[in-house]
>>> print(open('data_39.cif').read())   # mmCIF, C-alpha atoms
data_start
#
loop_
_atom_site.label_atom_id
_atom_site.label_comp_id
_atom_site.auth_asym_id
_atom_site.auth_seq_id
_atom_site.Cartn_x
_atom_site.Cartn_y
_atom_site.Cartn_z
CA MET W 182 91.23 -124.08 39.58
CA ILE W 183 89.35 -127.40 39.54
CA ARG W 184 85.60 -126.84 39.42
CA VAL W 185 83.60 -129.47 41.33
CA ALA W 186 79.88 -130.18 41.55
CA VAL W 187 78.42 -132.34 44.32
CA VAL W 188 75.13 -134.19 43.75
CA ASP W 189 73.59 -135.96 46.72
CA ASP W 190 70.10 -136.05 48.20
CA GLU W 191 71.44 -135.44 51.72
CA ALA W 192 72.27 -131.82 52.50
CA LEU W 193 74.62 -132.91 55.28
CA VAL W 194 76.70 -134.99 52.85
CA ARG W 195 76.87 -132.11 50.38
CA SER W 196 77.95 -129.67 53.08
CA GLY W 197 80.58 -132.06 54.39
CA LEU W 198 82.11 -132.58 50.97
CA ARG W 199 82.07 -128.85 50.30
CA LEU W 200 83.92 -128.17 53.56
CA ILE W 201 86.53 -130.86 52.87
CA LEU W 202 87.21 -129.79 49.30
CA GLY W 203 87.19 -126.13 50.30
CA THR W 204 90.41 -126.68 52.22
CA ALA W 205 92.30 -127.32 48.97
CA PRO W 206 93.66 -124.15 47.33
CA ASP W 207 93.20 -125.52 43.81
CA ILE W 208 89.62 -126.84 44.18
CA GLU W 209 86.35 -124.90 44.16
CA VAL W 210 82.90 -126.42 44.72
CA VAL W 211 80.89 -124.46 42.17
CA ALA W 212 77.57 -126.29 42.61
CA GLU W 213 75.75 -128.64 44.94
CA CYS W 214 72.24 -130.03 44.59
CA SER W 215 69.96 -133.02 44.96
CA GLY W 216 69.35 -135.40 42.09
CA ALA W 217 66.17 -133.75 40.86
CA PHE W 218 68.11 -130.71 39.62
CA ALA W 219 71.39 -132.43 38.86
CA VAL W 220 71.77 -132.32 35.08
CA ASP W 221 70.86 -128.66 34.56
CA THR W 222 72.77 -127.54 37.65
CA VAL W 223 75.95 -129.43 36.82
CA LEU W 224 76.05 -128.46 33.16
CA GLY W 225 75.26 -124.86 34.03
CA SER W 226 78.13 -124.76 36.52
CA LYS W 227 80.67 -125.95 33.92
CA ALA W 228 82.14 -128.31 36.49
CA ASP W 229 85.28 -130.28 35.64
CA VAL W 230 84.54 -133.02 38.18
CA VAL W 231 81.22 -134.30 39.53
CA LEU W 232 80.76 -136.34 42.70
CA LEU W 233 77.42 -138.07 42.11
CA ASP W 234 75.41 -140.19 44.53
CA ILE W 235 74.75 -143.50 42.82
CA ARG W 236 71.31 -143.94 44.40
CA MET W 237 68.93 -141.09 45.29
CA PRO W 238 65.21 -141.08 46.12
CA ASP W 239 64.39 -138.12 43.86
CA ALA W 240 66.44 -139.16 40.79
CA ASP W 241 68.16 -142.14 39.25
CA GLY W 242 71.91 -141.59 39.66
CA LEU W 243 72.64 -143.80 36.66
CA SER W 244 70.30 -141.74 34.48
CA VAL W 245 71.99 -138.54 35.63
CA LEU W 246 75.37 -140.09 34.83
CA ARG W 247 74.30 -141.06 31.30
CA GLN W 248 72.95 -137.57 30.59
CA LEU W 249 76.11 -135.91 31.86
CA ARG W 250 78.34 -138.23 29.83
CA ALA W 251 76.28 -137.46 26.71
CA ALA W 252 76.78 -133.71 27.09
CA PRO W 253 79.11 -131.93 24.63
CA ARG W 254 81.48 -130.90 27.43
CA SER W 255 81.22 -133.92 29.66
CA PRO W 256 82.77 -133.67 33.14
CA ALA W 257 84.55 -136.52 34.85
CA VAL W 258 82.02 -138.25 37.10
CA ALA W 259 82.87 -140.31 40.17
CA MET W 260 80.04 -142.16 41.88
CA LEU W 261 79.54 -141.73 45.60
CA THR W 262 78.52 -145.08 47.02
CA THR W 263 78.04 -147.19 50.12
CA PHE W 264 78.49 -150.90 50.68
CA ASP W 265 74.87 -151.82 49.88
CA VAL W 266 74.61 -150.83 46.20
CA GLN W 267 76.81 -153.41 44.48
CA GLU W 268 74.13 -154.12 41.90
CA TYR W 269 74.55 -150.56 40.56
CA LEU W 270 78.32 -150.60 40.17
CA ALA W 271 78.64 -152.51 36.90
CA ALA W 272 75.93 -150.39 35.28
CA ALA W 273 77.65 -147.17 36.35
CA LEU W 274 80.94 -148.42 34.98
CA ARG W 275 79.42 -149.21 31.61
CA ALA W 276 77.74 -145.79 31.58
CA GLY W 277 81.10 -144.06 31.81
CA ALA W 278 81.79 -143.47 35.51
CA ALA W 279 85.41 -142.42 36.06
CA GLY W 280 85.54 -144.01 39.49
CA PHE W 281 83.87 -144.95 42.74
CA LEU W 282 84.31 -143.34 46.14
CA LEU W 283 82.80 -144.11 49.51
CA LYS W 284 80.94 -141.24 51.12
CA ASP W 285 83.18 -141.46 54.18
CA THR W 286 86.43 -141.33 52.17
CA ASP W 287 89.29 -139.81 54.13
CA PRO W 288 89.48 -136.04 53.46
CA GLU W 289 93.07 -136.12 52.17
CA GLN W 290 92.25 -139.04 49.87
CA LEU W 291 89.15 -137.24 48.60
CA VAL W 292 91.19 -134.19 47.59
CA ARG W 293 93.74 -136.40 45.80
CA ALA W 294 90.94 -138.24 44.03
CA VAL W 295 89.40 -135.02 42.71
CA ARG W 296 92.78 -133.88 41.39
CA THR W 297 93.30 -137.21 39.66
CA LEU W 298 89.84 -137.07 38.08
CA ALA W 299 90.53 -133.54 36.84
CA GLU W 300 93.73 -134.77 35.18
CA GLY W 301 91.84 -137.51 33.36
CA GLY W 302 92.70 -140.37 35.71
CA SER W 303 90.44 -142.89 37.41
CA VAL W 304 89.76 -143.54 41.08
CA LEU W 305 88.70 -146.74 42.79
CA ASP W 306 88.29 -146.76 46.54
CA PRO W 307 90.12 -149.88 47.79
CA ALA W 308 87.04 -150.75 49.85
CA VAL W 309 84.87 -151.12 46.74
CA THR W 310 87.44 -152.26 44.16
CA ARG W 311 86.67 -155.95 44.61
CA ALA W 312 82.93 -155.31 44.31
CA VAL W 313 83.40 -153.27 41.14
CA ILE W 314 85.64 -155.87 39.54
CA GLY W 315 83.36 -158.71 40.55
CA GLY W 316 80.25 -156.97 39.25
CA TYR W 317 81.75 -155.88 35.96
CA LEU W 318 83.53 -159.10 35.11
CA ALA W 319 81.25 -161.57 36.87
CA ALA W 320 80.62 -163.40 33.62
CA GLU W 321 84.20 -163.06 32.38
CA ALA W 322 86.91 -165.57 33.21
CA GLU W 323 90.36 -164.37 34.19
CA ALA W 324 91.62 -166.05 31.03
CA THR W 325 89.46 -163.68 28.97
CA ALA W 326 91.22 -160.64 30.39
CA ALA W 327 94.58 -162.31 29.91
CA GLU W 328 93.76 -163.06 26.27
CA ALA W 329 92.83 -159.41 25.65
CA VAL W 330 96.12 -158.30 27.14
CA GLU W 331 98.04 -160.71 24.90
CA ALA W 332 97.10 -158.53 21.90
CA LEU W 333 99.05 -155.60 23.37
CA THR W 334 102.68 -154.77 22.74
CA PRO W 335 105.06 -154.79 25.75
CA ARG W 336 104.93 -150.98 25.87
CA GLU W 337 101.13 -151.04 25.72
CA ARG W 338 101.00 -153.59 28.56
CA GLU W 339 103.15 -151.23 30.62
CA VAL W 340 100.70 -148.42 29.89
CA LEU W 341 97.78 -150.68 30.85
CA THR W 342 99.48 -151.55 34.12
CA LEU W 343 99.77 -147.85 34.98
CA LEU W 344 96.14 -147.33 33.98
CA GLY W 345 95.38 -150.11 36.43
CA GLU W 346 97.04 -148.02 39.13
CA GLY W 347 94.64 -145.19 38.30
CA LEU W 348 97.27 -142.84 36.87
CA ALA W 349 96.38 -139.99 34.54
CA ASN W 350 98.31 -139.39 31.29
CA PRO W 351 100.75 -136.81 32.76
CA GLN W 352 101.62 -139.23 35.58
CA ILE W 353 102.10 -142.10 33.12
CA ALA W 354 104.32 -139.88 30.96
CA GLU W 355 106.47 -139.00 33.98
CA ARG W 356 106.70 -142.63 35.12
CA MET W 357 107.67 -143.93 31.66
CA GLY W 358 109.82 -140.99 30.60
CA LEU W 359 107.69 -140.31 27.53
CA ALA W 360 106.10 -137.22 26.02
CA PRO W 361 102.45 -136.70 27.04
CA SER W 362 101.41 -136.84 23.39
CA THR W 363 103.08 -140.24 23.02
CA VAL W 364 101.31 -141.53 26.12
CA LYS W 365 98.01 -140.26 24.77
CA ASP W 366 98.56 -142.26 21.59
CA HIS W 367 99.47 -145.38 23.58
CA VAL W 368 96.40 -145.05 25.81
CA ARG W 369 94.15 -144.62 22.77
CA ALA W 370 95.67 -147.75 21.22
CA VAL W 371 95.27 -149.77 24.41
CA LEU W 372 91.63 -148.82 24.90
CA GLY W 373 90.91 -149.57 21.25
CA LYS W 374 92.55 -152.99 21.33
CA LEU W 375 90.59 -153.85 24.48
CA GLY W 376 87.33 -153.22 22.64
CA GLY W 377 86.77 -149.50 23.12
CA LEU W 378 86.81 -149.58 26.92
CA ASN W 379 87.09 -146.50 29.10
CA ARG W 380 89.95 -146.00 31.54
CA VAL W 381 88.20 -147.52 34.56
CA GLN W 382 87.16 -150.59 32.59
CA ALA W 383 90.73 -150.94 31.32
CA ALA W 384 92.01 -150.67 34.90
CA ILE W 385 89.74 -153.55 35.88
CA VAL W 386 91.00 -155.67 32.98
CA ALA W 387 94.57 -154.92 34.11
CA ASP W 388 93.70 -156.06 37.61
CA ARG W 389 91.95 -159.22 36.44
CA ALA W 390 94.83 -160.05 34.09
CA GLY W 391 97.25 -159.90 37.02
CA LEU W 392 99.16 -156.82 35.85
CA VAL W 393 98.43 -154.81 38.99
CA THR W 394 100.12 -156.48 41.94
CA SER W 395 99.38 -153.67 44.36
CA ARG W 396 97.11 -150.65 44.18
CA PRO W 397 98.30 -147.28 45.56
CA PRO W 398 96.05 -145.06 47.70
CA ILE W 399 93.11 -143.36 46.01
CA GLY W 400 94.21 -141.05 43.26
CA GLY W 401 97.59 -142.70 42.78
CA PRO W 402 100.93 -141.27 43.90
CA ARG W 403 101.31 -137.54 44.19
#
>>> encode(input="data_39.cif", output="structure tokens")
Amino acid sequence: MIRVAVVDDEALVRSGLRLILGTAPDIEVVAECSGAFAVDTVLGSKADVVLLDIRMPDADGLSVLRQLRAAPRSPAVAMLTTFDVQEYLAAALRAGAAGFLLKDTDPEQLVRAVRTLAEGGSVLDPAVTRAVIGGYLAAEAEATAAEAVEALTPREREVLTLLGEGLANPQIAERMGLAPSTVKDHVRAVLGKLGGLNRVQAAIVADRAGLVTSRPPIGGPR
């Protein structure tokens, strides 16, 4: 069972997400709260996945994200966002966000996204992908991403391409016909060669380097 915590200052948003996720037999919303109580509530719930509002009046979503990522058993955190918070996206990415979702994400896509996050994958809502990439790599030329990719072996570039599609390790292993342990080693090598990036940052580099020609729906193929 995937344990999910929802952090948003609006009770209506929290209730809506709880209802949507409650329809999935393998997902349980174990906690919901506003930002003021987020860190203690989430860590106390032992959630696997956190859906966290990026901007709240009673707490700084980025600060909550950093505290959760610093915890010994850190959950995967996807930021809930709207179209008017682009200035926060790059900071959330650097702080370790595993993805970005719009608050009005389609219910079926939301369920797929949570499953992907629980498996260690990343999620980027197509509606905010361009904003995330632009904010994170605003000062980076496309050539810079291409140069970083040049240091990878052909097999590692294939792994990076699949990371760019948001796939988790088990999905990459299935796609490439490799053992999960081998994929784990490849992913570790790719992230290291790219400068110690996380999976979402690596996905953005893959996109900027032209490796990802098309992005599947949120959460990748099921």
>>> residues_near_point(input="data_39.cif", point="(91.3, -147.6, 25.0)", cutoff="12 Å", atoms="all atoms listed in the file", output="PyMOL selection string")
chain W and resi 329-330+333+337-338+340-341+344+364-384+386
>>> atom_distance(input="data_39.cif", atom1="atom CA of W:Thr286", atom2="atom CA of W:Thr262")
10.2 Å
>>> residues_around(input="data_39.cif", residues="stretch 188-197 of chain W", least_positions_apart="4", cutoff="9 Å", atoms="all atoms listed in the file", output="PDB file with C-alpha atoms, in the coordinates of the input")
ATOM      1  CA  ILE W 201      86.530-130.860  52.870  1.00  0.00           C
ATOM      2  CA  LEU W 202      87.210-129.790  49.300  1.00  0.00           C
ATOM      3  CA  ALA W 212      77.570-126.290  42.610  1.00  0.00           C
ATOM      4  CA  GLU W 213      75.750-128.640  44.940  1.00  0.00           C
ATOM      5  CA  CYS W 214      72.240-130.030  44.590  1.00  0.00           C
ATOM      6  CA  SER W 215      69.960-133.020  44.960  1.00  0.00           C
ATOM      7  CA  GLY W 216      69.350-135.400  42.090  1.00  0.00           C
ATOM      8  CA  ALA W 217      66.170-133.750  40.860  1.00  0.00           C
ATOM      9  CA  PHE W 218      68.110-130.710  39.620  1.00  0.00           C
ATOM     10  CA  ALA W 219      71.390-132.430  38.860  1.00  0.00           C
ATOM     11  CA  VAL W 223      75.950-129.430  36.820  1.00  0.00           C
ATOM     12  CA  VAL W 231      81.220-134.300  39.530  1.00  0.00           C
ATOM     13  CA  LEU W 232      80.760-136.340  42.700  1.00  0.00           C
ATOM     14  CA  LEU W 233      77.420-138.070  42.110  1.00  0.00           C
ATOM     15  CA  ASP W 234      75.410-140.190  44.530  1.00  0.00           C
ATOM     16  CA  ILE W 235      74.750-143.500  42.820  1.00  0.00           C
ATOM     17  CA  ARG W 236      71.310-143.940  44.400  1.00  0.00           C
ATOM     18  CA  MET W 237      68.930-141.090  45.290  1.00  0.00           C
ATOM     19  CA  PRO W 238      65.210-141.080  46.120  1.00  0.00           C
ATOM     20  CA  ASP W 239      64.390-138.120  43.860  1.00  0.00           C
ATOM     21  CA  ALA W 240      66.440-139.160  40.790  1.00  0.00           C
ATOM     22  CA  LEU W 261      79.540-141.730  45.600  1.00  0.00           C
ATOM     23  CA  LYS W 284      80.940-141.240  51.120  1.00  0.00           C
TER      24      LYS W 284
END
>>> atom_distance(input="data_39.cif", atom1="atom CA of W:Ala276", atom2="atom CA of W:Ile183")
23.2 Å
>>> axis_aligned_box(input="data_39.cif", around="stretch 234-241 of chain W", padding_each_side="4 Å", output="lines of an AutoDock Vina configuration file")
center_x = 69.9
center_y = -141.0
center_z = 42.7
size_x = 19.0
size_y = 13.8
size_z = 14.9
>>> residues_around(input="data_39.cif", residues="W:Ala205", least_positions_apart="3", cutoff="12 Å", atoms="all atoms listed in the file", output="list in words")
Met182, Ile183, Arg184, Val185, Leu198, Arg199, Leu200, Ile201, Leu202, Ile208, Glu209, Val210, Pro288, Glu289, Gln290, Leu291, Val292, Arg293, Val295 and Arg296 of chain W
>>> closest_residue(input="data_39.cif", among="W:Leu343, W:Leu359, W:Val220, W:Val304", to="W:Asp241", atoms="all atoms listed in the file")
W:Val220
>>> closest_residue(input="data_39.cif", among="W:Gly277, W:Leu298, W:Leu224, W:Glu328", to="W:Ala252", atoms="only C-alpha atoms")
W:Leu224
>>> closest_residue(input="data_39.cif", among="W:Leu282, W:Leu243, W:Ala349, W:Ala271", to="W:Thr297", atoms="all atoms listed in the file")
W:Ala349
>>> atom_distance(input="data_39.cif", atom1="atom CA of W:Thr204", atom2="atom CA of W:Pro351")
24.3 Å
>>> resolve_selection(input="data_39.cif", expression="the PyMOL selection byres ((chain W and resi 392) around 10)", output="PyMOL selection string")
chain W and resi 327+330+338-339+341-343+345-346+384-391+393-395
>>> resolve_selection(input="data_39.cif", expression="the PyMOL selection byres ((chain W and resi 250) around 12)", output="PDB file with C-alpha atoms, keeping the file's coordinate frame")
ATOM      1  CA  VAL W 220      71.770-132.320  35.080  1.00  0.00           C
ATOM      2  CA  VAL W 223      75.950-129.430  36.820  1.00  0.00           C
ATOM      3  CA  LEU W 224      76.050-128.460  33.160  1.00  0.00           C
ATOM      4  CA  VAL W 230      84.540-133.020  38.180  1.00  0.00           C
ATOM      5  CA  VAL W 231      81.220-134.300  39.530  1.00  0.00           C
ATOM      6  CA  LEU W 243      72.640-143.800  36.660  1.00  0.00           C
ATOM      7  CA  SER W 244      70.300-141.740  34.480  1.00  0.00           C
ATOM      8  CA  VAL W 245      71.990-138.540  35.630  1.00  0.00           C
ATOM      9  CA  LEU W 246      75.370-140.090  34.830  1.00  0.00           C
ATOM     10  CA  ARG W 247      74.300-141.060  31.300  1.00  0.00           C
ATOM     11  CA  GLN W 248      72.950-137.570  30.590  1.00  0.00           C
ATOM     12  CA  LEU W 249      76.110-135.910  31.860  1.00  0.00           C
ATOM     13  CA  ALA W 251      76.280-137.460  26.710  1.00  0.00           C
ATOM     14  CA  ALA W 252      76.780-133.710  27.090  1.00  0.00           C
ATOM     15  CA  PRO W 253      79.110-131.930  24.630  1.00  0.00           C
ATOM     16  CA  ARG W 254      81.480-130.900  27.430  1.00  0.00           C
ATOM     17  CA  SER W 255      81.220-133.920  29.660  1.00  0.00           C
ATOM     18  CA  PRO W 256      82.770-133.670  33.140  1.00  0.00           C
ATOM     19  CA  ALA W 257      84.550-136.520  34.850  1.00  0.00           C
ATOM     20  CA  VAL W 258      82.020-138.250  37.100  1.00  0.00           C
ATOM     21  CA  ALA W 259      82.870-140.310  40.170  1.00  0.00           C
ATOM     22  CA  ALA W 273      77.650-147.170  36.350  1.00  0.00           C
ATOM     23  CA  LEU W 274      80.940-148.420  34.980  1.00  0.00           C
ATOM     24  CA  ARG W 275      79.420-149.210  31.610  1.00  0.00           C
ATOM     25  CA  ALA W 276      77.740-145.790  31.580  1.00  0.00           C
ATOM     26  CA  GLY W 277      81.100-144.060  31.810  1.00  0.00           C
ATOM     27  CA  ALA W 278      81.790-143.470  35.510  1.00  0.00           C
ATOM     28  CA  ALA W 279      85.410-142.420  36.060  1.00  0.00           C
TER      29      ALA W 279
END
